[in-house]
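Asker: For reference, the structure I am asking about is given below.
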Amino acid sequence: MAVTEQHAQDGESAPESYAAARLRLLTDSGEAQAGPPRRAALAGLTDRWLAALVHEAAGSADGDGAVRGVSLVAVGGYGRGELSPRSDLDLLLLHDGSLGKGELAALADRIWYPVWDLGLALDHSVRTTSEAMSTAGDDLKVQLGLLDARHLAGDAGLTAGLRTGVLAGWRNQAAKRLPELRELTQERAERHGELQFLLEPDLKEARGGLRDITALRAVAASWLADAPREGLERARTCLLDVRDALHLATGRATDRLALQEQDQVAGDLGLLDADTLLREVYEAARTVSYAADVTWREVDRVLRSRSSRPRLRGLLGGRQGQTRNAAERTPLAEGVVEQDGEVVLALSARPDRDPVLLLRAAAAGAQAGLPMSLHAVRRLAASVKPLPVPWPAEAREQLVTLLGAGESTVEVWEALEAEGLITRLLPDWERVRCRPQRNAVHRWTVDRHLVETAVQASALTRRVGRPDLLLVAALLHDIGKGWPGDHSVVGETIARDMARRIGFDAADAEVLATLVRQHLLLVRTATRRDLDDPATVRVIAEAVGTTGTLELLHALTEADALATGPAAWSAWRGSLVDELVKRAAAALVGDGPPEEAPAAAPTAEEERLAIEALRTGGPTLALRARTEGPVAADETEEPVGVELRIALPDQPGVLASVAGVLALHRLAVRSAELRPVELPDVGGDRTVLLLSWRVAAEFGSLPEAGRLRADLVRTLEGSLDIPARLAEREKAYRPRRRRGAPAPPPRVTVAPGSSQLATVLEVRAQDAPGLLHRIGRALEETGVLVRSAHVSTLGANAVDAFYVTGLEGGPLGELEAAEVAKGVEGALG
């Protein structure tokens, strides 16, 4: 009787006393009673009240107040102490089977009915330990609730035995139950959506919500893997605080943050407005979602390792096979390798000395469709050097490569976001980060919409001559949101500054600024103006200025609409925009074909190489570091690649041979130019082919010029089989691409009217080792002569122009040119 008397003295054994104390606690506006302190106080108050009910009920049952063979256990959210104002009480009455059914039912009624009398929601069950364990084995949700079992009153030994058994069973069955749990979370995400993008999110059920945090706790309890803990508790606290305020504002047990409740909830939490509230919720959800992604990848890795261990031991013997498998590392880029399905840093990588490593690793991962390992991202965040301003060319190229990777860009971008790396690269990004868009047409936050627009733009890169500008414009087109005024006008200034920061020259920065300023122009004009009115077309032509900018704006308009949502784009809108662009392009095109610029005279170095090539009858090479732009006296020049100059007597197959040798030595071609030069005052055949290439090592050091020349001589002689060697290398080092949208197919077109002396073929394709070699072989097989070539690599996109003639030296006929283009496109496909 002593325990019951003590609770009566505390004033918390009677339902009325508990109800009054609960009401005072929930209506206390003091800051000390908000958030975790209030939840802890409410849970403690409820614990003491329920304990008193148990002792009173037990005393009535046997006459002496002793509690034998029975315990009351809090499970689920109540077990974790997450007791929001309108939360259910999840309770389990555990017994050892010694009480009869009637006696047990009477005991349960004396506990449950006072709870119901107060109008509190109750989720209850009465089971023995073995029954609870059996039910947990059959029902995953029951098992998850029991993982958080907490003793409230009665026989503590029963509760301890249950906890021990449940945890042991969970750990023993982790290989089976965790895949079930993951499937459950995926199904829930499909039903409820992603919390970080919803205007009326379900704080509990949506992906990134409280249910996912519970799942992560369950994974940790299995001892199989653990979630990244940085920021996770803060995210959990944020979501629980919002749910508390929502319960108090509505007076209902709801987890859906409806639009009409957001202003009041924001005010109750001391936030500026509903947008600020949503940004905090989105930030928390993003933290949880990223932690879930990392955790489930680790679970997959551990389960794969366990399933393959017996097979490896049988084949290779004990730990040896496991060690070899774990050590397998495939190079992806300089300082970047793939290991166990993730992007990690190479052992030789030095983030503190290589400021481009961050973007290089991100681009390599996105291109391979692989996630970045948590350790790699955190190491980069802790030690990578800031990029100089403006960025070096390689950094700009890697950003474009990242943006052009398609769907796999999103996962890599989110990994960088999770560690604050995006705002370190692009400080203006902070304004749009997690910013909600209160428009039913939009399905993403502003920042995610920008990334999704780049994803959509990546599929349109074959339509434009400057895919790098298209992708960066897609990333920046709404960068003005979050600032006062028209976001297009504000964004124009921000985009111009960001473009110069990223390293674009003044002309390209102006194009990007124009694209951001006018990104809504085409769709608004096409749907609101008369296309037959000459003034309509004139407005478009004056706004864009050039056909190249118009081409980019056309693609950006479509990508923006597709990324907005299904309601933002249709075949009808697309046809109107197409017609408007067609008319504006006609207005911008001049009357006649452009005059061809005279061929540039060879430099002194080129002339020396050409004379040496004629003298020896073979190729001559020169390699030198190339720097970008003028530098101040107190600065050092930034190398952006290596300039490779080659001269050799004119002969068939030069383009394919040189490109193949470079690919064999792992040299990526950033830009290339091939042109014939006739040397004055040299007897005999005076035509020499000059090749000026900017190259960079994919990874490792640059090869020696002598080795390049030796392999080039062997290739031209036919003793080195380049295609076979490249196929062997690709087979040995091909990264295991996990997923993601495939790159757009290559596109080869004839550019009519571009030259009076040759036919110009434009090739747009995904850059890859050996691409230029394959183009050269395809052109050679069609029987045309390459008069000159102009090759550029913009991120992961190759944009090349080849001036070709027939064997007699003139332009190709229209049909013949179309057949050649079709043949090259087929060879690349």
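Residue names in the structure tokens use chain letters A, B, ... in the order shown, residue numbers from 1 in each chain, and ligand numbers from 1 in the order shown.
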Would you kindly return, as number ranges by chain, each protein, DNA or RNA residue with an atom no farther than 10 Å from any atom of segment 198-209 of chain A, considering only C-alpha atoms and excluding same-chain residues fewer than 3 positions away?
Answerer: A: 185-195, 212-214, 235-236, 239-240, 242-243, 254-262, 275, 278, 281-292, 436-440, 442-445
Asker: Output the selection as a short mmCIF file (atom, residue, chain, number, x, y, z; two decimals), in the first residue's frame - N, CA and C atoms for each residue.
Answerer:
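Once written, again-v2.cif looks like this:
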data_model
loop_
_atom_site.label_atom_id
_atom_site.label_comp_id
_atom_site.auth_asym_id
_atom_site.auth_seq_id
_atom_site.Cartn_x
_atom_site.Cartn_y
_atom_site.Cartn_z
N THR A 185 9.63 0.95 -45.98
CA THR A 185 9.88 2.39 -46.08
C THR A 185 9.72 2.89 -47.51
N GLN A 186 10.09 2.09 -48.48
CA GLN A 186 9.93 2.49 -49.88
C GLN A 186 8.45 2.57 -50.27
N GLU A 187 7.67 1.61 -49.82
CA GLU A 187 6.24 1.65 -50.11
C GLU A 187 5.59 2.87 -49.47
N ARG A 188 6.01 3.18 -48.26
CA ARG A 188 5.46 4.35 -47.57
C ARG A 188 5.83 5.63 -48.30
N ALA A 189 7.07 5.71 -48.79
CA ALA A 189 7.51 6.90 -49.53
C ALA A 189 6.69 7.07 -50.81
N GLU A 190 6.38 5.98 -51.48
CA GLU A 190 5.59 6.07 -52.70
C GLU A 190 4.17 6.56 -52.41
N ARG A 191 3.63 6.17 -51.27
CA ARG A 191 2.27 6.60 -50.92
C ARG A 191 2.22 8.05 -50.46
N HIS A 192 3.21 8.47 -49.70
CA HIS A 192 3.13 9.78 -49.03
C HIS A 192 4.06 10.83 -49.62
N GLY A 193 4.96 10.45 -50.52
CA GLY A 193 5.84 11.43 -51.14
C GLY A 193 7.04 11.78 -50.29
N GLU A 194 7.78 12.78 -50.75
CA GLU A 194 9.00 13.22 -50.06
C GLU A 194 8.70 14.47 -49.24
N LEU A 195 8.93 14.37 -47.97
CA LEU A 195 8.62 15.45 -47.04
C LEU A 195 9.28 16.75 -47.45
N ASP A 212 10.91 7.41 -40.75
CA ASP A 212 12.25 7.06 -41.25
C ASP A 212 13.28 7.14 -40.13
N ILE A 213 13.11 8.09 -39.22
CA ILE A 213 14.04 8.17 -38.09
C ILE A 213 13.90 6.91 -37.23
N THR A 214 12.67 6.45 -37.03
CA THR A 214 12.46 5.21 -36.29
C THR A 214 13.12 4.03 -36.99
N ALA A 235 17.41 17.27 -36.49
CA ALA A 235 16.29 17.11 -37.42
C ALA A 235 15.09 16.48 -36.72
N ARG A 236 15.35 15.46 -35.91
CA ARG A 236 14.27 14.80 -35.17
C ARG A 236 13.58 15.78 -34.23
N LEU A 239 11.27 18.18 -36.24
CA LEU A 239 10.01 17.59 -36.69
C LEU A 239 9.06 17.35 -35.51
N LEU A 240 9.59 16.93 -34.37
CA LEU A 240 8.74 16.73 -33.20
C LEU A 240 8.20 18.05 -32.67
N VAL A 242 7.55 20.71 -34.44
CA VAL A 242 6.49 21.15 -35.35
C VAL A 242 5.23 20.33 -35.11
N ARG A 243 5.38 19.04 -34.89
CA ARG A 243 4.19 18.22 -34.62
C ARG A 243 3.51 18.64 -33.32
N THR A 254 -2.98 14.94 -35.48
CA THR A 254 -2.70 14.95 -36.91
C THR A 254 -1.20 15.13 -37.15
N ASP A 255 -0.73 14.55 -38.22
CA ASP A 255 0.67 14.72 -38.61
C ASP A 255 0.80 15.49 -39.92
N ARG A 256 -0.32 15.86 -40.54
CA ARG A 256 -0.27 16.58 -41.81
C ARG A 256 -0.26 18.07 -41.55
N LEU A 257 0.77 18.73 -42.04
CA LEU A 257 0.93 20.18 -41.85
C LEU A 257 0.19 20.89 -42.97
N ALA A 258 -1.10 21.10 -42.77
CA ALA A 258 -1.94 21.70 -43.80
C ALA A 258 -1.62 23.17 -43.98
N LEU A 259 -1.93 23.69 -45.18
CA LEU A 259 -1.61 25.09 -45.49
C LEU A 259 -2.26 26.05 -44.50
N GLN A 260 -3.53 25.78 -44.13
CA GLN A 260 -4.25 26.72 -43.27
C GLN A 260 -3.71 26.76 -41.85
N GLU A 261 -2.89 25.76 -41.49
CA GLU A 261 -2.34 25.72 -40.12
C GLU A 261 -0.92 26.28 -40.05
N GLN A 262 -0.28 26.50 -41.19
CA GLN A 262 1.16 26.77 -41.18
C GLN A 262 1.50 28.11 -40.55
N ASP A 275 6.72 30.27 -44.72
CA ASP A 275 7.84 29.86 -45.57
C ASP A 275 9.05 29.48 -44.73
N LEU A 278 8.41 26.04 -43.35
CA LEU A 278 8.61 24.97 -44.32
C LEU A 278 10.09 24.75 -44.62
N VAL A 281 11.44 22.64 -41.88
CA VAL A 281 10.96 21.26 -42.03
C VAL A 281 11.70 20.57 -43.17
N TYR A 282 11.88 21.29 -44.29
CA TYR A 282 12.58 20.71 -45.44
C TYR A 282 14.04 20.39 -45.11
N GLU A 283 14.67 21.29 -44.38
CA GLU A 283 16.06 21.04 -43.97
C GLU A 283 16.15 19.76 -43.14
N ALA A 284 15.23 19.62 -42.20
CA ALA A 284 15.24 18.43 -41.34
C ALA A 284 14.98 17.17 -42.17
N ALA A 285 14.01 17.24 -43.07
CA ALA A 285 13.69 16.08 -43.91
C ALA A 285 14.85 15.71 -44.81
N ARG A 286 15.54 16.72 -45.32
CA ARG A 286 16.68 16.45 -46.20
C ARG A 286 17.78 15.73 -45.41
N THR A 287 18.00 16.14 -44.17
CA THR A 287 19.00 15.46 -43.33
C THR A 287 18.62 14.01 -43.11
N VAL A 288 17.35 13.77 -42.82
CA VAL A 288 16.90 12.40 -42.56
C VAL A 288 16.98 11.55 -43.83
N SER A 289 16.56 12.11 -44.95
CA SER A 289 16.57 11.35 -46.21
C SER A 289 18.00 10.97 -46.60
N TYR A 290 18.91 11.90 -46.45
CA TYR A 290 20.30 11.59 -46.80
C TYR A 290 20.86 10.53 -45.85
N ALA A 291 20.56 10.65 -44.56
CA ALA A 291 21.03 9.65 -43.61
C ALA A 291 20.46 8.27 -43.95
N ALA A 292 19.20 8.24 -44.39
CA ALA A 292 18.59 6.97 -44.78
C ALA A 292 19.27 6.38 -46.00
N PRO A 436 10.58 26.91 -50.43
CA PRO A 436 9.35 26.35 -50.99
C PRO A 436 8.81 27.21 -52.12
N GLN A 437 8.04 26.59 -53.00
CA GLN A 437 7.36 27.30 -54.09
C GLN A 437 5.86 27.09 -53.90
N ARG A 438 5.18 28.13 -53.50
CA ARG A 438 3.76 28.01 -53.19
C ARG A 438 2.94 28.15 -54.47
N ASN A 439 3.13 27.17 -55.31
CA ASN A 439 2.44 27.12 -56.58
C ASN A 439 2.18 25.65 -56.88
N ALA A 440 0.92 25.32 -57.10
CA ALA A 440 0.57 23.91 -57.28
C ALA A 440 1.23 23.29 -58.50
N HIS A 442 4.34 23.69 -59.39
CA HIS A 442 5.71 23.28 -59.05
C HIS A 442 5.67 22.09 -58.10
N ARG A 443 6.49 21.08 -58.38
CA ARG A 443 6.55 19.91 -57.51
C ARG A 443 7.82 19.86 -56.68
N TRP A 444 8.73 20.82 -56.87
CA TRP A 444 10.00 20.81 -56.15
C TRP A 444 10.21 22.13 -55.44
N THR A 445 11.12 22.12 -54.46
CA THR A 445 11.62 23.37 -53.92
C THR A 445 12.46 24.07 -54.99
#
Asker: Residues at most 12 Å from Ser130 of chain A, counting only C-alpha atoms, excluding those fewer than 4 positions away in the same chain, as JSON, numbers by chain?
Answerer: {"A": [94, 95, 96, 97, 126, 134, 135, 136, 137, 158, 161, 162, 163, 165, 166]}
Asker: Using only C-alpha atoms, what does the table of segment 496-615 of chain A residues within 10 Å of segment 467-490 of chain A look like, with each row giving the shortest atom pair and its distance in Å to one decimal, sorted by chain and ascending number, as a Markdown table?
Answerer:
| residue | atom | partner | partner_atom | distance |
| --- | --- | --- | --- | --- |
| A:Arg496 | CA | A:Leu476 | CA | 9.9 |
| A:Met498 | CA | A:Leu476 | CA | 8.7 |
| A:Ala499 | CA | A:Val472 | CA | 8.4 |
| A:Ile502 | CA | A:Val472 | CA | 9.8 |
| A:Phe504 | CA | A:Leu469 | CA | 9.3 |
| A:Asp508 | CA | A:Leu469 | CA | 7.6 |
| A:Ala509 | CA | A:Leu469 | CA | 9.0 |
| A:Val511 | CA | A:Leu469 | CA | 8.0 |
| A:Leu512 | CA | A:Ala473 | CA | 5.8 |
| A:Ala513 | CA | A:Ala473 | CA | 8.2 |
| A:Thr514 | CA | A:Ala473 | CA | 9.4 |
| A:Leu515 | CA | A:Ala473 | CA | 6.5 |
| A:Val516 | CA | A:His477 | CA | 4.6 |
| A:Arg517 | CA | A:Ser488 | CA | 4.7 |
| A:Gln518 | CA | A:Ser488 | CA | 7.1 |
| A:His519 | CA | A:His477 | CA | 6.7 |
| A:Leu520 | CA | A:Ser488 | CA | 8.3 |
| A:Thr549 | CA | A:Leu469 | CA | 9.5 |
| A:Glu551 | CA | A:Leu470 | CA | 9.4 |
| A:Leu552 | CA | A:Leu470 | CA | 5.9 |
| A:Leu553 | CA | A:Leu470 | CA | 8.0 |
| A:His554 | CA | A:Leu470 | CA | 9.8 |
| A:Ala555 | CA | A:Leu470 | CA | 7.5 |
| A:Leu556 | CA | A:Ala474 | CA | 6.3 |
| A:Thr557 | CA | A:Ala474 | CA | 9.1 |
| A:Ala559 | CA | A:Ala474 | CA | 7.6 |
| A:Asp560 | CA | A:Ala474 | CA | 7.2 |
Asker: Which of these, A:Leu702, A:Ala710, A:Leu674, A:Leu460, has the shortest distance to Val786 of chain A once you count only C-alpha atoms?
Answerer: A:Leu674
Asker: What lies within 12 Å of Arg350 of chain A using only C-alpha atoms, ignoring chain neighbours under 5 positions off, as a list of chain:residue names?
Answerer: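 Near neighbours after the sequence-gap exclusion: A:Glu334, A:Gly335, A:Val336, A:Leu345, A:Pro355, A:Val356, A:Leu357, A:Leu358, A:Ala376, A:Arg379, A:Leu380, A:Ala382, A:Ser383, A:Val384, A:Lys385.
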Asker: Dump all heavy atoms for the selected residues as a compact mmCIF listing (two decimals), in the first residue's frame?
Answerer:
# COMPACT_ATOMS: atom_id res chain seq x y z
N GLU A 334 41.41 11.39 -61.96
CA GLU A 334 42.59 11.68 -61.16
C GLU A 334 42.19 11.86 -59.69
O GLU A 334 41.40 12.75 -59.33
CB GLU A 334 43.26 12.95 -61.66
CG GLU A 334 44.49 13.36 -60.88
CD GLU A 334 45.62 12.35 -61.02
OE1 GLU A 334 45.71 11.67 -62.07
OE2 GLU A 334 46.42 12.25 -60.08
N GLY A 335 42.72 10.98 -58.82
CA GLY A 335 42.43 11.06 -57.40
C GLY A 335 41.10 10.46 -56.99
O GLY A 335 40.70 10.58 -55.83
N VAL A 336 40.41 9.78 -57.92
CA VAL A 336 39.06 9.27 -57.65
C VAL A 336 38.97 7.83 -58.13
O VAL A 336 39.37 7.52 -59.26
CB VAL A 336 37.98 10.12 -58.37
CG1 VAL A 336 36.59 9.66 -57.96
CG2 VAL A 336 38.18 11.59 -58.08
N LEU A 345 37.94 8.43 -52.54
CA LEU A 345 39.17 9.09 -52.94
C LEU A 345 40.30 8.08 -53.05
O LEU A 345 40.38 7.14 -52.26
CB LEU A 345 39.54 10.19 -51.95
CG LEU A 345 38.49 11.30 -51.75
CD1 LEU A 345 39.05 12.38 -50.83
CD2 LEU A 345 38.07 11.90 -53.08
N PRO A 355 42.29 21.74 -55.30
CA PRO A 355 40.97 22.34 -55.10
C PRO A 355 39.91 21.85 -56.07
O PRO A 355 38.72 21.98 -55.79
CB PRO A 355 41.24 23.84 -55.30
CG PRO A 355 42.48 23.91 -56.11
CD PRO A 355 43.30 22.73 -55.71
N VAL A 356 40.31 21.26 -57.20
CA VAL A 356 39.33 20.78 -58.18
C VAL A 356 38.86 19.37 -57.83
O VAL A 356 37.90 18.86 -58.42
CB VAL A 356 39.93 20.83 -59.60
CG1 VAL A 356 38.91 20.44 -60.66
CG2 VAL A 356 40.45 22.22 -59.91
N LEU A 357 39.50 18.71 -56.86
CA LEU A 357 39.18 17.32 -56.56
C LEU A 357 37.71 17.14 -56.20
O LEU A 357 37.09 16.13 -56.58
CB LEU A 357 40.07 16.82 -55.42
CG LEU A 357 39.88 15.36 -55.00
CD1 LEU A 357 40.14 14.42 -56.16
CD2 LEU A 357 40.78 15.03 -53.82
N LEU A 358 37.13 18.08 -55.49
CA LEU A 358 35.73 17.98 -55.10
C LEU A 358 34.83 17.82 -56.33
O LEU A 358 34.02 16.89 -56.42
CB LEU A 358 35.33 19.21 -54.30
CG LEU A 358 33.83 19.45 -54.08
CD1 LEU A 358 33.21 18.30 -53.33
CD2 LEU A 358 33.61 20.77 -53.35
N ALA A 376 34.19 9.92 -48.10
CA ALA A 376 34.83 10.77 -49.09
C ALA A 376 34.28 12.19 -49.04
O ALA A 376 35.04 13.17 -49.09
CB ALA A 376 34.64 10.18 -50.49
N ARG A 379 35.54 13.93 -45.92
CA ARG A 379 36.96 14.27 -46.02
C ARG A 379 37.14 15.49 -46.92
O ARG A 379 37.94 16.39 -46.61
CB ARG A 379 37.74 13.08 -46.58
CG ARG A 379 39.24 13.33 -46.63
CD ARG A 379 39.99 12.17 -47.20
NE ARG A 379 41.39 12.51 -47.44
CZ ARG A 379 42.20 11.83 -48.23
NH1 ARG A 379 41.77 10.73 -48.83
NH2 ARG A 379 43.44 12.22 -48.41
N LEU A 380 36.39 15.54 -48.01
CA LEU A 380 36.47 16.70 -48.89
C LEU A 380 36.00 17.95 -48.16
O LEU A 380 36.60 19.02 -48.27
CB LEU A 380 35.63 16.46 -50.14
CG LEU A 380 36.21 15.46 -51.15
CD1 LEU A 380 35.15 15.06 -52.17
CD2 LEU A 380 37.42 16.05 -51.86
N ALA A 382 36.13 18.59 -45.06
CA ALA A 382 37.05 18.97 -44.00
C ALA A 382 38.36 19.54 -44.52
O ALA A 382 38.99 20.35 -43.83
CB ALA A 382 37.33 17.76 -43.10
N SER A 383 38.78 19.14 -45.73
CA SER A 383 40.15 19.48 -46.11
C SER A 383 40.33 20.07 -47.49
O SER A 383 41.43 20.53 -47.80
CB SER A 383 41.03 18.22 -46.00
OG SER A 383 40.52 17.16 -46.79
N VAL A 384 39.32 20.06 -48.34
CA VAL A 384 39.55 20.55 -49.70
C VAL A 384 39.79 22.06 -49.68
O VAL A 384 39.17 22.81 -48.91
CB VAL A 384 38.36 20.20 -50.62
CG1 VAL A 384 37.16 21.09 -50.35
CG2 VAL A 384 38.77 20.30 -52.09
N LYS A 385 40.71 22.50 -50.52
CA LYS A 385 41.02 23.93 -50.61
C LYS A 385 39.91 24.67 -51.37
O LYS A 385 39.31 24.11 -52.28
CB LYS A 385 42.34 24.13 -51.35
CG LYS A 385 43.58 23.71 -50.59
CD LYS A 385 44.82 23.90 -51.45
CE LYS A 385 44.95 25.35 -51.92
NZ LYS A 385 46.18 25.54 -52.73
Asker: With DSSP run on the backbone, what are the strand (DSSP E or B) residues within segment 65-194 of chain A? I'd like them as a list in words.
Answerer: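 Result set for segment 65-194 of chain A (strand (DSSP E or B)): Val70, Ser71, Leu72, Val73, Ala74, Leu89, Asp90, Leu91, Leu92, Leu93, Leu94, His95, Leu122, Asp123, His124, Ser125, Val126, Arg127, Thr128, Arg150, His151, Leu152, Ala153, Gly154 and Glu194 of chain A.
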Asker: Which is closer to Pro388 of chain A than all the others in A:Gly503, A:Ser701, A:Val344, A:Ala74, using only C-alpha atoms?
Answerer: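 Residue with the minimum atom-to-atom distance to Pro388 of chain A: A:Gly503.
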Asker: Given the choices A:Glu814, A:Glu411, A:Asp650, A:Glu780, which gets closest to Gly753 of chain A if the distance is worked out from only C-alpha atoms?
Answerer: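 Smallest separation from Gly753 of chain A among the options: A:Glu814.
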Asker: If you run DSSP on this backbone, which residues of segment 421-667 of chain A come out as helix (DSSP H, G or I), and could you give them as an NGL selection string?
Answerer: :A and (421-425 or 427-431 or 446-458 or 461-463 or 467-476 or 487-502 or 506-517 or 521-528 or 534-544 or 547-564 or 566-568 or 571-588 or 604-616 or 654-664)
Asker: With only C-alpha atoms as the counted atoms, please give the residues lying no more than 9 Å from Glu643 of chain A, apart from itself and same-chain residues fewer than 5 positions off, as a list in words.
Answerer: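 With the cut-off at 9 Å, the set is Ala622, Leu623, Arg624, Ala625, Arg626, Ser692, Trp693, Arg694, Val695 and Ala696 of chain A.
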Asker: Atoms to include: N, CA and C atoms. Write the selected residues as a PDB file, in the first residue's frame.
Answerer:
ATOM      1  N   ALA A 622      55.392  18.208 -79.914  1.00  0.00           N
ATOM      2  CA  ALA A 622      55.837  19.130 -78.871  1.00  0.00           C
ATOM      3  C   ALA A 622      54.758  19.204 -77.806  1.00  0.00           C
ATOM      4  N   LEU A 623      55.164  19.053 -76.564  1.00  0.00           N
ATOM      5  CA  LEU A 623      54.252  19.129 -75.422  1.00  0.00           C
ATOM      6  C   LEU A 623      54.659  20.301 -74.537  1.00  0.00           C
ATOM      7  N   ARG A 624      53.670  21.098 -74.119  1.00  0.00           N
ATOM      8  CA  ARG A 624      53.985  22.157 -73.169  1.00  0.00           C
ATOM      9  C   ARG A 624      52.743  22.482 -72.357  1.00  0.00           C
ATOM     10  N   ALA A 625      52.958  22.894 -71.107  1.00  0.00           N
ATOM     11  CA  ALA A 625      51.834  23.263 -70.239  1.00  0.00           C
ATOM     12  C   ALA A 625      51.161  24.501 -70.778  1.00  0.00           C
ATOM     13  N   ARG A 626      49.857  24.564 -70.627  1.00  0.00           N
ATOM     14  CA  ARG A 626      49.089  25.706 -71.118  1.00  0.00           C
ATOM     15  C   ARG A 626      48.431  26.401 -69.939  1.00  0.00           C
ATOM     16  N   SER A 692      46.762  20.833 -83.393  1.00  0.00           N
ATOM     17  CA  SER A 692      46.943  21.551 -82.126  1.00  0.00           C
ATOM     18  C   SER A 692      45.857  21.055 -81.165  1.00  0.00           C
ATOM     19  N   TRP A 693      46.269  20.374 -80.124  1.00  0.00           N
ATOM     20  CA  TRP A 693      45.329  19.732 -79.218  1.00  0.00           C
ATOM     21  C   TRP A 693      45.599  20.199 -77.784  1.00  0.00           C
ATOM     22  N   ARG A 694      44.529  20.370 -77.033  1.00  0.00           N
ATOM     23  CA  ARG A 694      44.671  20.565 -75.590  1.00  0.00           C
ATOM     24  C   ARG A 694      44.214  19.280 -74.921  1.00  0.00           C
ATOM     25  N   VAL A 695      45.096  18.661 -74.170  1.00  0.00           N
ATOM     26  CA  VAL A 695      44.816  17.357 -73.585  1.00  0.00           C
ATOM     27  C   VAL A 695      45.076  17.405 -72.085  1.00  0.00           C
ATOM     28  N   ALA A 696      44.514  16.437 -71.381  1.00  0.00           N
ATOM     29  CA  ALA A 696      44.737  16.294 -69.940  1.00  0.00           C
ATOM     30  C   ALA A 696      44.716  14.817 -69.605  1.00  0.00           C
TER      31      ALA A 696
END
Asker: Which polymer residues have any atom within 7 Å of an atom of Leu146 of chain A, counting only C-alpha atoms, with same-chain residues fewer than 3 positions away left out, as a tab-separated table (two decimals) with all heavy atoms, in the first residue's frame?
Answerer:
chain	number	residue	atom	x	y	z
A	75	VAL	N	5.62	1.20	-25.42
A	75	VAL	CA	6.28	0.80	-26.67
A	75	VAL	C	6.08	1.89	-27.71
A	75	VAL	O	5.33	2.86	-27.50
A	75	VAL	CB	5.73	-0.56	-27.19
A	75	VAL	CG1	6.00	-1.66	-26.19
A	75	VAL	CG2	4.24	-0.47	-27.48
A	76	GLY	N	6.73	1.73	-28.87
A	76	GLY	CA	6.58	2.69	-29.96
A	76	GLY	C	7.04	4.07	-29.56
A	76	GLY	O	8.04	4.25	-28.85
A	142	VAL	N	5.03	-4.60	-35.28
A	142	VAL	CA	5.02	-4.91	-33.84
A	142	VAL	C	6.44	-5.01	-33.32
A	142	VAL	O	6.78	-4.50	-32.24
A	142	VAL	CB	4.25	-6.21	-33.58
A	142	VAL	CG1	4.41	-6.65	-32.12
A	142	VAL	CG2	2.78	-6.03	-33.91
A	143	GLN	N	7.31	-5.66	-34.09
A	143	GLN	CA	8.69	-5.81	-33.65
A	143	GLN	C	9.38	-4.45	-33.54
A	143	GLN	O	10.14	-4.21	-32.59
A	143	GLN	CB	9.46	-6.70	-34.62
A	143	GLN	CG	10.85	-7.07	-34.11
A	143	GLN	CD	11.45	-8.21	-34.88
A	143	GLN	OE1	11.26	-8.32	-36.08
A	143	GLN	NE2	12.19	-9.08	-34.19
A	149	ALA	N	10.74	-0.71	-26.30
A	149	ALA	CA	10.01	-1.02	-25.07
A	149	ALA	C	10.68	-0.38	-23.86
A	149	ALA	O	11.91	-0.42	-23.71
A	149	ALA	CB	9.94	-2.55	-24.89
A	166	VAL	N	13.68	-9.56	-27.50
A	166	VAL	CA	13.35	-8.84	-28.74
A	166	VAL	C	14.63	-8.38	-29.44
A	166	VAL	O	14.78	-8.54	-30.66
A	166	VAL	CB	12.42	-7.66	-28.44
A	166	VAL	CG1	12.32	-6.74	-29.65
A	166	VAL	CG2	11.03	-8.17	-28.06
Asker: Report, in Å to a single decimal, how far apart atom CA of His449 of chain A and atom CA of Gly548 of chain A are.
Answerer: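 Atom-to-atom, atom CA of Gly548 of chain A to atom CA of His449 of chain A, that is 24.7 Å.
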Asker: What's around Leu531 of chain A at 12 Å? Count only C-alpha atoms, leave out sequence neighbours fewer than 5 positions away in its own chain, and write the answer as a list in words.
Answerer: Leu522, Val523, Arg524, Thr525, Ala526, Thr536, Val537, Arg538, Val539, Ile540, Ser575, Leu576, Val577, Asp578, Glu579, Leu580, Val581, Lys582, Arg583 and Ala584 of chain A
